[in-house]
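Encoded as structure tokens, the structure appears first; notes follow it.
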Amino acid sequence: MDDPKESDLHTGEGEAAPPVFRTAVDALRSARLRPQVEVEPTRAPQRLAPYAYALEAAVVDGEQDLADGRLVLLHDPAGHDAWQGTFRLVTLVRAELEPEMAADPLLPEVCWSWLTGALQARGLGYGEPSGTVTRASSHYFGGLASRPAASQIEIRASWTPREGLGGVPDTAAHLASWCDLLAQVAGLPPAGPGDASVVTLPQRRGPQSR
């Protein structure tokens, strides 16, 4: 696979990205993922850290998106007190809910446990987790009254991946666990150990694509 496009990397003040960040990004791009989760690079945020790389994803069933999200890898070579490290992962996950699930009072706690459980299931070390789980309902009136009420869950979270050899975290495994979270929020069964039905990240889609 080609190297990450410079337009996909935020490297601050035009500086070249440090090798540890490049290695972490390369691992993201070579990760093997569930085929139901479509992942592609997107423009990285500009102000969260000196270096950033972002991915967006959707869990797809035919023409329908069951869940979608964004994962951002941040890197500050000087370290960050709030992170307790030099890397940070930041995510947003969204999905429509069935009415029965939306009414569950324990839903926020359950969704947060899906995030931490996805990381723990792959044996990943992480620290300083934080985030919010938001449940929202929409009811339609007037010219839109024919639409059924809809509910949505939104998970915003961040955590510090533990750094391995050379100071680089296992970003590929963290991405795989994040895709597990997306799939769970979308209602898909968990991938079994050693599941071979995985694919690598695609190249950026052209303007004709969804």
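Ligands are numbered from 1 in the order shown, chains are lettered A, B, ... in the order of the structure tokens, and residues start at 1 in each chain.
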Those of segment 13-208 of chain A in DSSP strand (DSSP E or B), formatted as a PyMOL selection string: chain A and resi 32-33+37-42+51-61+64-80+85-97+126-138+150-161+163+169+199-200
Filtering to C-alpha atoms, could you give me those residues as a short mmCIF file (atom, residue, chain, number, x, y, z; two decimals), in the first residue's frame?
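This went into selection.cif:
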data_model
loop_
_atom_site.label_atom_id
_atom_site.label_comp_id
_atom_site.auth_asym_id
_atom_site.auth_seq_id
_atom_site.Cartn_x
_atom_site.Cartn_y
_atom_site.Cartn_z
CA ARG A 32 -6.55 -6.31 8.85
CA LEU A 33 -10.18 -5.56 9.60
CA VAL A 37 -16.42 -2.25 8.31
CA GLU A 38 -15.37 0.12 5.54
CA VAL A 39 -12.51 2.38 6.60
CA GLU A 40 -10.76 5.19 4.76
CA PRO A 41 -8.52 8.16 5.59
CA THR A 42 -10.07 11.56 6.16
CA TYR A 51 0.78 15.54 14.57
CA ALA A 52 -2.51 13.84 13.73
CA TYR A 53 -3.98 11.23 11.40
CA ALA A 54 -7.68 10.44 11.05
CA LEU A 55 -9.85 7.61 9.73
CA GLU A 56 -13.59 7.40 9.16
CA ALA A 57 -15.53 4.17 9.05
CA ALA A 58 -18.98 2.74 8.48
CA VAL A 59 -20.52 -0.65 9.20
CA VAL A 60 -22.30 -1.48 5.97
CA ASP A 61 -25.13 -3.92 5.26
CA GLN A 64 -27.47 0.70 4.62
CA ASP A 65 -24.97 2.13 7.10
CA LEU A 66 -25.64 0.51 10.47
CA ALA A 67 -23.08 2.61 12.37
CA ASP A 68 -20.36 5.09 11.57
CA GLY A 69 -17.48 6.77 13.31
CA ARG A 70 -14.15 8.53 13.26
CA LEU A 71 -10.85 7.59 14.87
CA VAL A 72 -8.03 10.12 15.26
CA LEU A 73 -4.44 9.32 16.20
CA LEU A 74 -2.69 12.21 17.95
CA HIS A 75 1.02 12.53 18.67
CA ASP A 76 2.93 15.07 20.74
CA PRO A 77 6.67 14.20 20.95
CA ALA A 78 7.00 16.35 24.06
CA GLY A 79 4.33 14.33 25.87
CA HIS A 80 1.07 15.58 27.33
CA GLY A 85 2.05 9.63 27.09
CA THR A 86 2.97 10.91 23.66
CA PHE A 87 0.10 9.29 21.71
CA ARG A 88 -3.65 9.60 22.13
CA LEU A 89 -6.61 8.02 20.31
CA VAL A 90 -9.84 9.99 20.02
CA THR A 91 -13.08 8.54 18.69
CA LEU A 92 -16.67 9.29 17.79
CA VAL A 93 -19.09 6.39 17.17
CA ARG A 94 -22.76 6.77 16.19
CA ALA A 95 -25.60 4.36 15.48
CA GLU A 96 -29.37 4.30 15.20
CA LEU A 97 -31.12 2.33 17.95
CA TYR A 126 -4.22 1.69 27.66
CA GLY A 127 -4.56 4.49 30.17
CA GLU A 128 -6.41 7.69 31.03
CA PRO A 129 -9.72 6.70 29.35
CA SER A 130 -12.40 9.39 29.27
CA GLY A 131 -15.55 10.11 27.32
CA THR A 132 -19.30 10.53 27.11
CA VAL A 133 -22.21 8.40 25.92
CA THR A 134 -25.16 10.40 24.63
CA ARG A 135 -28.61 9.04 23.81
CA ALA A 136 -30.89 11.23 21.66
CA SER A 137 -34.43 10.83 20.32
CA SER A 138 -36.09 12.60 17.41
CA ALA A 150 -35.81 7.67 15.82
CA SER A 151 -33.18 7.23 18.49
CA GLN A 152 -29.40 7.44 18.23
CA ILE A 153 -26.48 6.61 20.48
CA GLU A 154 -23.23 8.57 20.30
CA ILE A 155 -19.97 7.58 22.00
CA ARG A 156 -17.19 10.15 22.28
CA ALA A 157 -14.06 8.84 23.93
CA SER A 158 -10.29 9.04 24.11
CA TRP A 159 -7.55 6.91 25.62
CA THR A 160 -3.76 6.65 25.69
CA PRO A 161 -2.39 3.52 23.96
CA GLU A 163 3.76 2.47 23.81
CA PRO A 169 1.90 1.79 20.26
CA VAL A 199 -9.48 -7.04 4.73
CA THR A 200 -6.85 -4.34 4.65
#
Please extract the residues of segment 21-164 of chain A with a backbone DSSP assignment of alpha helix (DSSP H) and present them as a list of chain:residue names.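 Restricting segment 21-164 of chain A to alpha helix (DSSP H) produces A:Phe21, A:Arg22, A:Thr23, A:Ala24, A:Val25, A:Asp26, A:Ala27, A:Leu28, A:Arg29, A:Pro99, A:Glu100, A:Met101, A:Ala102, A:Leu107, A:Pro108, A:Glu109, A:Val110, A:Cys111, A:Trp112, A:Ser113, A:Trp114, A:Leu115, A:Thr116, A:Gly117, A:Ala118, A:Leu119, A:Gln120, A:Ala121.
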Residues from last step as file, C-alpha atoms, as a PDB file, in the first residue's frame:
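What follows is the written file out-v6.pdb:
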ATOM      1  CA  PHE A  21       4.374   8.740  14.140  1.00  0.00           C
ATOM      2  CA  ARG A  22       4.921   7.534  10.572  1.00  0.00           C
ATOM      3  CA  THR A  23       5.322   3.983  11.856  1.00  0.00           C
ATOM      4  CA  ALA A  24       2.110   4.251  13.877  1.00  0.00           C
ATOM      5  CA  VAL A  25       0.225   5.560  10.835  1.00  0.00           C
ATOM      6  CA  ASP A  26       1.647   2.851   8.568  1.00  0.00           C
ATOM      7  CA  ALA A  27       0.380   0.248  11.049  1.00  0.00           C
ATOM      8  CA  LEU A  28      -3.100   1.752  10.878  1.00  0.00           C
ATOM      9  CA  ARG A  29      -3.090   1.571   7.094  1.00  0.00           C
ATOM     10  CA  PRO A  99     -36.807   1.550  20.384  1.00  0.00           C
ATOM     11  CA  GLU A 100     -36.427  -1.248  22.949  1.00  0.00           C
ATOM     12  CA  MET A 101     -32.695  -0.673  23.268  1.00  0.00           C
ATOM     13  CA  ALA A 102     -33.096   3.114  23.393  1.00  0.00           C
ATOM     14  CA  LEU A 107     -27.646   1.769  27.866  1.00  0.00           C
ATOM     15  CA  PRO A 108     -24.918   4.426  28.472  1.00  0.00           C
ATOM     16  CA  GLU A 109     -23.059   2.177  30.920  1.00  0.00           C
ATOM     17  CA  VAL A 110     -23.389  -0.776  28.540  1.00  0.00           C
ATOM     18  CA  CYS A 111     -22.027   1.219  25.587  1.00  0.00           C
ATOM     19  CA  TRP A 112     -19.047   2.412  27.612  1.00  0.00           C
ATOM     20  CA  SER A 113     -18.349  -1.185  28.647  1.00  0.00           C
ATOM     21  CA  TRP A 114     -18.361  -2.143  24.953  1.00  0.00           C
ATOM     22  CA  LEU A 115     -15.495   0.289  24.376  1.00  0.00           C
ATOM     23  CA  THR A 116     -13.367  -0.856  27.299  1.00  0.00           C
ATOM     24  CA  GLY A 117     -14.291  -4.481  26.668  1.00  0.00           C
ATOM     25  CA  ALA A 118     -13.187  -4.264  23.029  1.00  0.00           C
ATOM     26  CA  LEU A 119      -9.749  -3.058  24.132  1.00  0.00           C
ATOM     27  CA  GLN A 120      -9.437  -5.639  26.891  1.00  0.00           C
ATOM     28  CA  ALA A 121     -10.576  -8.487  24.628  1.00  0.00           C
TER      29      ALA A 121
END
